[in-house]
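Shown below: final_18.txt, with compact mmCIF, C-alpha atoms.
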```txt
# COMPACT_ATOMS: atom_id res chain seq x y z
CA MET L 1 0.00 0.00 0.00
CA ASN L 2 1.36 3.43 -0.99
CA ASN L 3 1.38 5.69 2.10
CA THR L 4 2.98 8.64 0.29
CA PRO L 5 0.76 11.71 0.75
CA PRO L 6 -0.43 13.49 -2.41
CA LYS L 7 1.66 16.32 -3.77
CA GLU L 8 -0.57 19.11 -2.39
CA PHE L 9 0.04 17.87 1.16
CA LEU L 10 3.80 17.53 0.88
CA ALA L 11 5.68 20.11 2.95
CA PRO L 12 8.43 22.00 1.10
CA GLN L 13 12.00 21.12 2.03
CA TRP L 14 13.45 24.46 3.08
CA GLU L 15 17.08 25.25 2.34
CA SER L 16 17.37 27.43 5.48
CA PRO L 17 15.24 28.67 8.39
CA GLU L 18 15.61 32.20 7.04
CA GLU L 19 14.09 31.23 3.69
CA MET L 20 11.20 29.47 5.40
CA THR L 21 10.54 32.58 7.53
CA ARG L 22 10.64 34.88 4.48
CA VAL L 23 8.16 32.77 2.54
CA MET L 24 5.80 32.14 5.44
CA GLU L 25 5.68 35.84 6.27
CA ALA L 26 4.78 36.65 2.67
CA LEU L 27 2.02 34.02 2.64
CA TYR L 28 0.67 35.38 5.91
CA ARG L 29 0.63 38.94 4.52
CA VAL L 30 -1.38 37.82 1.47
CA HIS L 31 -3.83 35.99 3.72
CA GLN L 32 -4.25 39.16 5.80
CA LEU L 33 -4.76 41.25 2.64
CA GLY L 34 -7.83 39.19 1.85
CA MET L 35 -9.42 40.36 5.08
CA ALA L 36 -8.19 43.97 4.92
CA LEU L 37 -8.62 44.92 1.24
CA THR L 38 -11.69 44.83 -0.98
CA ASP L 39 -10.23 47.12 -3.67
CA HIS L 40 -9.46 44.70 -6.49
CA ASN L 41 -6.63 46.69 -8.11
CA ALA L 42 -4.87 47.44 -4.82
CA LEU L 43 -5.10 43.77 -3.89
CA LEU L 44 -3.50 42.72 -7.19
CA GLN L 45 -0.63 45.15 -6.66
CA HIS L 46 0.09 43.70 -3.22
CA ILE L 47 -0.15 40.10 -4.43
CA ILE L 48 2.30 40.58 -7.28
CA ALA L 49 4.75 42.40 -5.00
CA GLU L 50 4.63 39.51 -2.55
CA SER L 51 5.10 36.94 -5.34
CA ARG L 52 8.38 38.57 -6.26
CA THR L 53 9.46 38.36 -2.61
CA VAL L 54 8.41 34.73 -2.28
CA ALA L 55 10.26 33.58 -5.40
CA HIS L 56 13.23 35.95 -4.94
CA ALA L 57 12.89 37.05 -8.58
CA GLU L 58 13.93 40.11 -10.58
CA ALA L 59 10.40 40.74 -11.81
CA SER L 60 6.92 39.32 -11.66
CA SER L 61 3.60 39.76 -13.42
CA LEU L 62 0.02 38.72 -12.94
CA MET L 63 -2.12 37.81 -15.92
CA LEU L 64 -5.86 37.57 -15.38
CA TYR L 65 -8.09 35.19 -17.30
CA ASP L 66 -10.85 36.65 -19.48
CA PRO L 67 -13.41 33.83 -19.89
CA THR L 68 -15.35 35.73 -22.56
CA TYR L 69 -12.46 35.65 -25.03
CA GLU L 70 -10.58 32.77 -23.35
CA GLU L 71 -7.49 34.95 -23.15
CA LEU L 72 -4.90 35.98 -20.57
CA TYR L 73 -4.02 39.65 -20.26
CA PHE L 74 -1.35 41.43 -18.24
CA HIS L 75 -3.03 43.30 -15.41
CA VAL L 76 -0.10 44.24 -13.21
CA THR L 77 3.67 43.87 -13.40
CA ILE L 78 6.46 44.78 -11.02
CA GLY L 79 10.22 44.97 -11.33
CA ASP L 80 12.48 46.21 -14.10
CA THR L 81 10.25 44.97 -16.93
CA GLY L 82 10.60 47.96 -19.20
CA ASP L 83 7.45 49.52 -20.69
CA GLN L 84 4.85 48.01 -18.39
CA GLU L 85 1.93 50.05 -19.75
CA MET L 86 2.59 48.83 -23.29
CA LEU L 87 2.70 45.28 -21.95
CA LYS L 88 -0.68 45.68 -20.28
CA GLN L 89 -2.30 47.39 -23.27
CA GLU L 90 -1.03 45.30 -26.16
CA VAL L 91 -0.18 41.77 -25.02
CA ARG L 92 -2.96 39.17 -24.71
CA LEU L 93 -2.38 35.44 -24.85
CA GLN L 94 -4.71 32.69 -25.95
CA LEU L 95 -4.83 29.57 -23.79
CA GLY L 96 -1.88 27.45 -24.88
CA GLN L 97 0.02 30.46 -26.23
CA GLY L 98 3.28 31.32 -24.50
CA ILE L 99 4.55 29.81 -21.27
CA ALA L 100 1.74 31.41 -19.24
CA GLY L 101 -0.85 30.24 -21.76
CA VAL L 102 0.37 26.64 -21.53
CA ALA L 103 0.39 26.79 -17.72
CA ALA L 104 -3.23 28.08 -17.81
CA ALA L 105 -4.42 25.53 -20.38
CA GLN L 106 -2.83 22.56 -18.60
CA ARG L 107 -3.53 23.91 -15.07
CA LYS L 108 0.04 23.11 -14.02
CA THR L 109 3.21 25.03 -13.20
CA MET L 110 5.72 25.63 -15.99
CA ASN L 111 9.33 25.94 -14.76
CA VAL L 112 11.47 27.02 -17.71
CA GLU L 113 15.19 27.12 -16.85
CA ASP L 114 16.24 28.71 -20.15
CA VAL L 115 13.60 30.42 -22.28
CA LYS L 116 15.86 30.24 -25.37
CA THR L 117 15.35 26.50 -25.49
CA CYS L 118 11.57 26.63 -24.81
CA PRO L 119 9.25 26.40 -27.84
CA TYR L 120 6.45 28.07 -25.88
CA PHE L 121 8.36 31.24 -25.02
CA PHE L 122 6.44 34.32 -26.22
CA ALA L 123 9.32 36.60 -27.26
CA GLU L 124 7.00 39.41 -28.37
CA ALA L 125 6.53 40.56 -24.77
CA ASP L 126 10.28 41.08 -24.38
CA SER L 127 10.54 42.92 -27.70
CA LYS L 128 7.75 45.31 -26.70
CA THR L 129 9.16 46.03 -23.23
CA HIS L 130 12.89 45.84 -24.03
CA PHE L 131 13.36 43.41 -21.16
CA GLU L 132 15.50 40.26 -21.27
CA THR L 133 13.84 37.15 -19.85
CA ARG L 134 16.24 34.33 -18.95
CA ASN L 135 14.11 31.94 -16.90
CA VAL L 136 10.42 31.82 -15.96
CA LEU L 137 8.21 30.16 -13.39
CA ALA L 138 4.54 30.37 -14.41
CA THR L 139 1.91 29.11 -11.97
CA PRO L 140 -1.82 28.99 -12.69
CA MET L 141 -4.17 30.54 -10.15
CA VAL L 142 -7.17 28.27 -9.69
CA ASP L 143 -9.98 28.60 -7.15
CA ARG L 144 -12.89 26.15 -6.87
CA ASN L 145 -11.83 24.62 -10.17
CA GLN L 146 -12.11 27.99 -11.91
CA LEU L 147 -9.10 29.56 -13.65
CA VAL L 148 -8.41 33.02 -12.20
CA GLY L 149 -5.13 33.82 -13.93
CA VAL L 150 -1.42 33.08 -13.98
CA ILE L 151 1.44 34.41 -11.85
CA GLU L 152 4.79 34.62 -13.61
CA VAL L 153 8.05 35.23 -11.77
CA VAL L 154 11.00 36.05 -13.98
CA ASN L 155 14.78 35.68 -13.60
CA LYS L 156 15.75 34.02 -10.33
CA ILE L 157 18.12 36.14 -8.26
CA ASP L 158 21.38 34.51 -7.07
CA ALA L 159 20.68 31.27 -8.93
CA PRO L 160 20.69 30.12 -12.59
CA SER L 161 16.99 29.14 -12.45
CA PHE L 162 14.04 28.46 -10.16
CA SER L 163 14.25 25.34 -8.01
CA SER L 164 11.72 22.61 -7.22
CA LEU L 165 11.28 24.36 -3.85
CA ASP L 166 10.34 27.56 -5.69
CA VAL L 167 7.78 25.57 -7.69
CA ARG L 168 6.18 24.18 -4.55
CA VAL L 169 6.15 27.51 -2.77
CA MET L 170 4.67 29.36 -5.76
CA GLU L 171 1.94 26.74 -6.08
CA MET L 172 1.01 27.36 -2.44
CA PHE L 173 1.16 31.11 -3.04
CA ALA L 174 -0.95 30.98 -6.24
CA THR L 175 -3.65 28.88 -4.54
CA LEU L 176 -3.90 31.36 -1.68
CA ALA L 177 -3.83 34.38 -4.03
CA ALA L 178 -6.58 32.89 -6.22
CA SER L 179 -8.82 32.39 -3.20
CA VAL L 180 -8.18 35.92 -1.93
CA LEU L 181 -8.91 37.44 -5.36
CA THR L 182 -12.10 35.46 -5.81
CA ASN L 183 -13.39 36.55 -2.42
CA ALA L 184 -12.48 40.18 -3.16
CA ARG L 185 -14.40 40.01 -6.44
CA LEU L 186 -17.45 38.60 -4.67
CA ILE L 187 -17.31 41.39 -2.09
CA GLU L 188 -16.89 44.03 -4.83
CA HIS L 189 -19.86 42.59 -6.72
CA GLN L 190 -22.00 42.56 -3.59
CA ILE L 191 -21.07 46.16 -2.76
CA ALA L 192 -21.87 47.24 -6.34
CA GLN L 193 -25.26 45.52 -6.20
CA GLU L 194 -26.06 47.13 -2.86
CA ARG L 195 -25.08 50.55 -4.22
CA LEU L 196 -27.25 50.09 -7.30
CA ALA L 197 -30.17 49.02 -5.14
CA ALA L 198 -29.69 52.03 -2.85
CA ILE L 199 -29.44 54.41 -5.81
CA GLY L 200 -32.57 52.90 -7.36
CA GLN L 201 -34.47 53.26 -4.10
CA ALA L 202 -33.27 56.85 -3.67
CA VAL L 203 -34.18 57.84 -7.24
CA THR L 204 -37.63 56.26 -6.85
CA GLY L 205 -38.28 58.17 -3.64
CA LEU L 206 -37.01 61.47 -5.04
CA SER L 207 -38.98 61.07 -8.27
CA HIS L 208 -42.21 60.50 -6.32
CA TYR L 209 -41.51 63.57 -4.21
CA ILE L 210 -40.77 65.74 -7.27
CA LYS L 211 -43.86 64.36 -9.02
CA ASN L 212 -46.01 65.47 -6.08
CA ILE L 213 -44.51 68.97 -6.17
CA VAL L 214 -45.06 69.24 -9.93
CA ALA L 215 -48.67 68.07 -9.52
CA GLY L 216 -49.20 70.81 -6.92
CA LEU L 217 -47.64 73.42 -9.20
CA ASN L 218 -49.79 72.32 -12.14
CA SER L 219 -52.96 72.49 -10.04
CA SER L 220 -52.17 75.96 -8.73
CA THR L 221 -51.21 77.35 -12.16
CA GLU L 222 -54.44 75.97 -13.64
CA LEU L 223 -56.44 77.71 -10.92
CA ILE L 224 -54.51 80.94 -11.47
CA ASP L 225 -55.20 80.71 -15.23
CA LEU L 226 -58.90 80.33 -14.47
CA GLY L 227 -58.80 83.28 -12.10
CA ILE L 228 -57.11 85.48 -14.71
CA THR L 229 -59.47 84.32 -17.50
CA ASP L 230 -62.62 84.87 -15.40
CA ASN L 231 -61.21 87.99 -13.71
CA ASP L 232 -61.84 86.31 -10.37
CA PRO L 233 -59.67 87.83 -7.60
CA LYS L 234 -60.98 85.33 -5.05
CA MET L 235 -59.77 82.43 -7.17
CA LEU L 236 -56.34 84.06 -7.46
CA LYS L 237 -56.21 84.65 -3.70
CA ARG L 238 -57.03 80.99 -2.99
CA SER L 239 -54.51 79.70 -5.55
CA TRP L 240 -51.55 81.83 -4.54
CA PRO L 241 -50.78 80.06 -1.19
CA ILE L 242 -50.76 76.68 -3.00
CA LEU L 243 -48.27 77.95 -5.56
CA LYS L 244 -46.12 79.58 -2.87
CA ARG L 245 -46.08 76.41 -0.75
CA ASN L 246 -44.90 74.25 -3.65
CA VAL L 247 -42.23 76.78 -4.64
CA ASP L 248 -41.00 76.67 -1.03
CA ARG L 249 -40.93 72.86 -1.21
CA ILE L 250 -38.77 73.01 -4.35
CA SER L 251 -36.45 75.55 -2.73
CA ASN L 252 -36.08 73.43 0.40
CA PHE L 253 -35.46 70.31 -1.68
CA VAL L 254 -32.69 71.99 -3.69
CA GLN L 255 -31.11 73.39 -0.52
CA ASP L 256 -31.11 69.92 1.05
CA LEU L 257 -29.44 68.43 -2.03
CA LEU L 258 -26.76 71.14 -2.03
CA SER L 259 -26.15 70.80 1.71
CA PHE L 260 -25.82 67.03 1.47
CA SER L 261 -23.70 66.90 -1.70
CA LYS L 262 -20.35 68.02 -0.29
CA PRO L 263 -18.50 68.77 2.96
CA ARG L 264 -18.77 72.37 4.02
CA LYS L 265 -16.96 74.37 6.67
CA PRO L 266 -19.46 76.48 8.64
CA LEU L 267 -19.30 80.24 7.98
CA ARG L 268 -19.67 81.22 11.60
CA GLU L 269 -21.14 84.46 12.89
CA LYS L 270 -22.43 85.68 16.22
CA CYS L 271 -26.02 84.57 16.56
CA ALA L 272 -28.82 85.06 19.12
CA ILE L 273 -30.65 81.74 19.37
CA PRO L 274 -34.03 83.25 20.47
CA TYR L 275 -34.00 85.43 17.35
CA LEU L 276 -33.12 82.44 15.13
CA LEU L 277 -35.90 80.33 16.66
CA LYS L 278 -38.36 83.19 16.11
CA GLU L 279 -37.38 83.30 12.43
CA VAL L 280 -38.04 79.57 12.06
CA GLU L 281 -41.38 79.91 13.84
CA THR L 282 -42.40 82.77 11.54
CA THR L 283 -41.46 80.77 8.45
CA LEU L 284 -43.77 77.92 9.52
CA ALA L 285 -46.52 80.06 11.08
CA GLU L 286 -48.97 79.39 8.26
CA ARG L 287 -48.62 75.61 8.64
CA PHE L 288 -49.22 75.83 12.40
CA THR L 289 -52.39 77.83 11.71
CA GLN L 290 -53.64 75.49 8.98
CA LYS L 291 -53.38 72.37 11.17
CA LYS L 292 -54.46 74.26 14.30
CA ILE L 293 -51.35 73.13 16.17
CA ARG L 294 -50.35 74.57 19.54
CA LEU L 295 -46.75 75.72 19.81
CA LEU L 296 -45.36 75.73 23.33
CA LYS L 297 -42.10 77.63 23.86
CA GLU L 298 -39.63 77.21 26.69
CA ILE L 299 -36.83 79.54 25.66
CA LYS L 300 -34.75 81.22 28.32
CA ASN L 301 -34.20 84.93 27.83
CA ASP L 302 -30.63 84.87 29.13
CA LEU L 303 -29.27 82.38 26.57
CA PRO L 304 -25.71 83.26 25.51
CA ASP L 305 -24.99 84.16 21.90
CA ILE L 306 -23.42 81.39 19.86
CA TRP L 307 -20.96 81.42 16.95
CA VAL L 308 -22.57 79.31 14.23
CA ASP L 309 -23.42 79.33 10.53
CA SER L 310 -26.86 80.87 11.08
CA ASN L 311 -28.23 79.87 7.66
CA SER L 312 -27.26 76.24 8.19
CA ILE L 313 -28.61 76.04 11.74
CA HIS L 314 -31.81 77.74 10.54
CA ARG L 315 -32.12 74.97 7.95
CA CYS L 316 -31.68 72.28 10.64
CA LEU L 317 -34.31 73.78 12.93
CA LEU L 318 -36.65 74.30 9.98
CA ASN L 319 -36.33 70.59 9.08
CA LEU L 320 -36.95 69.43 12.65
CA LEU L 321 -39.89 71.73 13.30
CA SER L 322 -41.42 70.92 9.92
CA ASN L 323 -41.16 67.19 10.72
CA ALA L 324 -42.91 67.80 14.05
CA ILE L 325 -45.76 69.59 12.26
CA ASP L 326 -46.11 66.64 9.88
CA ALA L 327 -46.12 64.17 12.78
CA VAL L 328 -48.89 65.63 14.94
CA PRO L 329 -52.65 65.33 14.37
CA GLU L 330 -54.78 68.25 13.23
CA ASN L 331 -56.62 70.29 15.86
CA THR L 332 -55.05 68.41 18.82
CA GLY L 333 -51.40 68.64 17.74
CA VAL L 334 -48.86 70.02 20.19
CA VAL L 335 -45.25 70.97 19.42
CA ARG L 336 -42.85 72.11 22.14
CA LEU L 337 -39.76 74.18 21.40
CA CYS L 338 -37.17 74.39 24.17
CA ALA L 339 -33.72 76.01 24.37
CA HIS L 340 -31.42 75.95 27.41
CA THR L 341 -27.80 75.49 28.50
CA PRO L 342 -27.36 72.06 30.14
CA THR L 343 -23.70 72.91 30.83
CA PRO L 344 -21.70 76.17 30.73
CA HIS L 345 -20.13 74.97 27.49
CA HIS L 346 -23.17 73.66 25.58
CA LEU L 347 -26.46 74.90 24.18
CA ALA L 348 -29.35 72.44 23.78
CA ILE L 349 -32.38 72.90 21.54
CA GLU L 350 -35.24 70.41 21.85
CA ILE L 351 -38.23 69.95 19.56
CA ALA L 352 -40.89 67.61 20.94
CA ASP L 353 -44.35 66.62 19.72
CA ASN L 354 -47.38 64.50 20.59
CA GLY L 355 -47.33 62.49 17.38
CA LYS L 356 -46.71 58.75 17.00
CA GLY L 357 -43.02 59.03 17.86
CA VAL L 358 -40.08 57.19 16.32
CA PRO L 359 -39.97 53.42 16.96
CA GLN L 360 -36.80 52.20 18.64
CA SER L 361 -36.13 49.84 15.71
CA ILE L 362 -35.58 52.69 13.22
CA ARG L 363 -34.00 55.37 15.39
CA GLU L 364 -30.56 54.69 13.94
CA LYS L 365 -31.88 54.60 10.37
CA ILE L 366 -33.79 57.88 10.30
CA PHE L 367 -30.56 59.85 9.86
CA ASP L 368 -29.49 57.73 6.85
CA PRO L 369 -29.71 59.42 3.44
CA PHE L 370 -32.97 58.73 1.56
CA PHE L 371 -34.56 56.88 4.47
CA SER L 372 -38.07 58.22 4.93
CA THR L 373 -41.20 57.19 6.83
CA LYS L 374 -43.32 59.64 4.83
CA GLY L 375 -43.47 57.61 1.61
CA SER L 376 -43.68 59.82 -1.48
CA ARG L 377 -44.23 62.90 0.74
CA GLY L 378 -40.60 62.92 1.87
CA THR L 379 -37.14 62.91 0.29
CA GLY L 380 -35.29 61.16 3.11
CA LEU L 381 -32.74 64.00 3.02
CA GLY L 382 -33.98 66.35 5.76
CA LEU L 383 -32.64 64.51 8.80
CA ALA L 384 -29.48 63.37 6.95
CA VAL L 385 -28.71 67.00 6.09
CA THR L 386 -29.57 68.12 9.62
CA ARG L 387 -27.14 65.64 11.19
CA LYS L 388 -24.43 66.54 8.67
CA ILE L 389 -24.71 70.25 9.51
CA ILE L 390 -24.75 69.60 13.26
CA LYS L 391 -21.66 67.37 12.96
CA GLU L 392 -19.90 70.09 10.93
CA HIS L 393 -20.49 72.36 13.94
CA ARG L 394 -18.96 69.67 16.22
CA GLY L 395 -22.38 69.19 17.80
CA ASP L 396 -24.68 66.23 18.28
CA ILE L 397 -28.28 65.28 17.47
CA SER L 398 -30.31 62.49 19.04
CA VAL L 399 -33.90 61.26 19.12
CA HIS L 400 -35.86 60.20 22.21
CA THR L 401 -39.43 59.65 23.38
CA ALA L 402 -41.03 62.97 24.33
CA PRO L 403 -43.04 63.43 27.57
CA GLU L 404 -45.92 64.32 25.24
CA GLY L 405 -45.74 60.79 23.82
CA GLY L 406 -44.23 61.58 20.42
CA ALA L 407 -40.67 62.24 19.29
CA LEU L 408 -38.12 64.49 20.94
CA PHE L 409 -35.14 65.64 18.88
CA ARG L 410 -32.30 67.15 20.89
CA VAL L 411 -29.60 69.25 19.20
CA THR L 412 -26.52 70.04 21.29
CA LEU L 413 -24.05 72.67 20.10
CA PRO L 414 -20.76 73.70 21.73
CA LEU L 415 -20.50 77.26 23.01
CA GLN L 416 -17.19 78.72 21.83
CA ARG L 417 -15.65 82.11 21.70
CA LYS L 418 -14.98 83.58 18.26
CA GLU L 419 -11.24 82.80 18.45
CA GLU L 420 -11.95 79.15 19.34
CA CYS L 421 -14.17 78.65 16.31
CA GLY L 422 -11.35 79.42 13.90
CA SER L 423 -9.50 76.21 14.78
CA LEU L 424 -12.50 73.94 14.19
```
Structure rendered as structure tokens:
Amino acid sequence: MNNTPPKEFLAPQWESPEEMTRVMEALYRVHQLGMALTDHNALLQHIIAESRTVAHAEASSLMLYDPTYEELYFHVTIGDTGDQEMLKQEVRLQLGQGIAGVAAAQRKTMNVEDVKTCPYFFAEADSKTHFETRNVLATPMVDRNQLVGVIEVVNKIDAPSFSSLDVRVMEMFATLAASVLTNARLIEHQIAQERLAAIGQAVTGLSHYIKNIVAGLNSSTELIDLGITDNDPKMLKRSWPILKRNVDRISNFVQDLLSFSKPRKPLREKCAIPYLLKEVETTLAERFTQKKIRLLKEIKNDLPDIWVDSNSIHRCLLNLLSNAIDAVPENTGVVRLCAHTPTPHHLAIEIADNGKGVPQSIREKIFDPFFSTKGSRGTGLGLAVTRKIIKEHRGDISVHTAPEGGALFRVTLPLQRKEECGSL
């Protein structure tokens, strides 16, 4: 009975402890890359650099397999290989063509001690890159019986050619690299699919919201046309608030998109919070009146001035107060606006309501872009923009259950002197 273990289980016979350490450290680094990197190109660069270390070669290259055309193409090279970009752009090998092509077709390592005597040597690559290849070790990368590519190490350093130990080590390396690459591709594909799904969901939500605004604009313009045609001032007076409301919705929507689209350093100025809160209240006064909502205010008169971007903070408070108006019932709705200093170094603004509140299960999600509980009536940008602005001010925003039974949003902003704000 033959008790010899199969080739894949045979341990390499190391020439020295130092060589074993060098190779094992390289294999370990590649294994770690698989857990740390999902960027496909960066991963390939690291793998090919490690292959050169493992084989102790002058240069190395990684050719990926294109199953559509059944070809190998140079994706990354490292070392003194001449014109690498030309190599990557112009050289593609069919399966069975060149040393790498034979290694891929036969799924076995090709160890060529002298390329001048090898009938498979593809000299065109050297002629294009002005590089002299003396010896080559080409190892196929296979994962789950699928060809991933071929790793070639070129010109053994300090030896006339690659040894049987090099062959064994590179086969171990190629197997590990193939597995790491396959997993990285799967992760990349999953991330891409999730991004597409998120984009699709966002576009759907935004399109519904815009469609509702356009419908409101069309209705109001039709009524205004009728009022003008019939010379009916009452019709015009009834139609104007509808038109104005939808124009405001468009303006707010555009402002949210602009605020969310890029990082922005706050343009700070000295601001009186009671005055800013009064401005927000005035802006939304008509909506409070329409729904017959009670607004309770608990704003201390001795609040210190604060250095903030007043336009941005106005936008945050407008979003929060507008959400509270949407959340409460008509006629019995109550919204409470509170501002105080919980510590000598912080200002807190709270907006509470007696609506349905925010379930614990979605409290972390409500600040995510395009997440909305309003269906086609919301963009899912308001709270995301609000949090972004508050964070840009080095503040914090959180949601809780209000004593009134609904939601309570608490905004906390640091109180700084003018000279302190410049370093933020």
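Taking CA of Asp114 in chain L and CA of Val136 in chain L as endpoints, the distance between them is 7.8 Å.
Between CA of Phe162 in chain L and CA of Leu181 in chain L there is a distance of 25.1 Å.
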Give me the box for range 318-321 of chain L as AutoDock Vina command-line options, namely the centre and edge lengths in Å to one decimal of a box along x, y and z that holds every listed atom plus 3 Å on each side.
```
--center_x -38.1 --center_y 71.9 --center_z 11.2 --size_x 9.6 --size_y 10.9 --size_z 10.2
```
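Here CA of Ala285 in chain L and CA of Val335 in chain L stand 12.4 Å from one another.
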> What lies within 8 Å of range 275-278 of chain L using all atoms listed in the file, ignoring chain neighbours under 5 positions off, as a ChimeraX atom specification?
Replying inline: /L:310,314,317
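In terms of minimum interatomic distance to Leu337 in chain L, L:Leu318 ranks closest within L:Ser163, L:Ala125, L:Leu318, L:Arg363, counting all atoms listed in the file.
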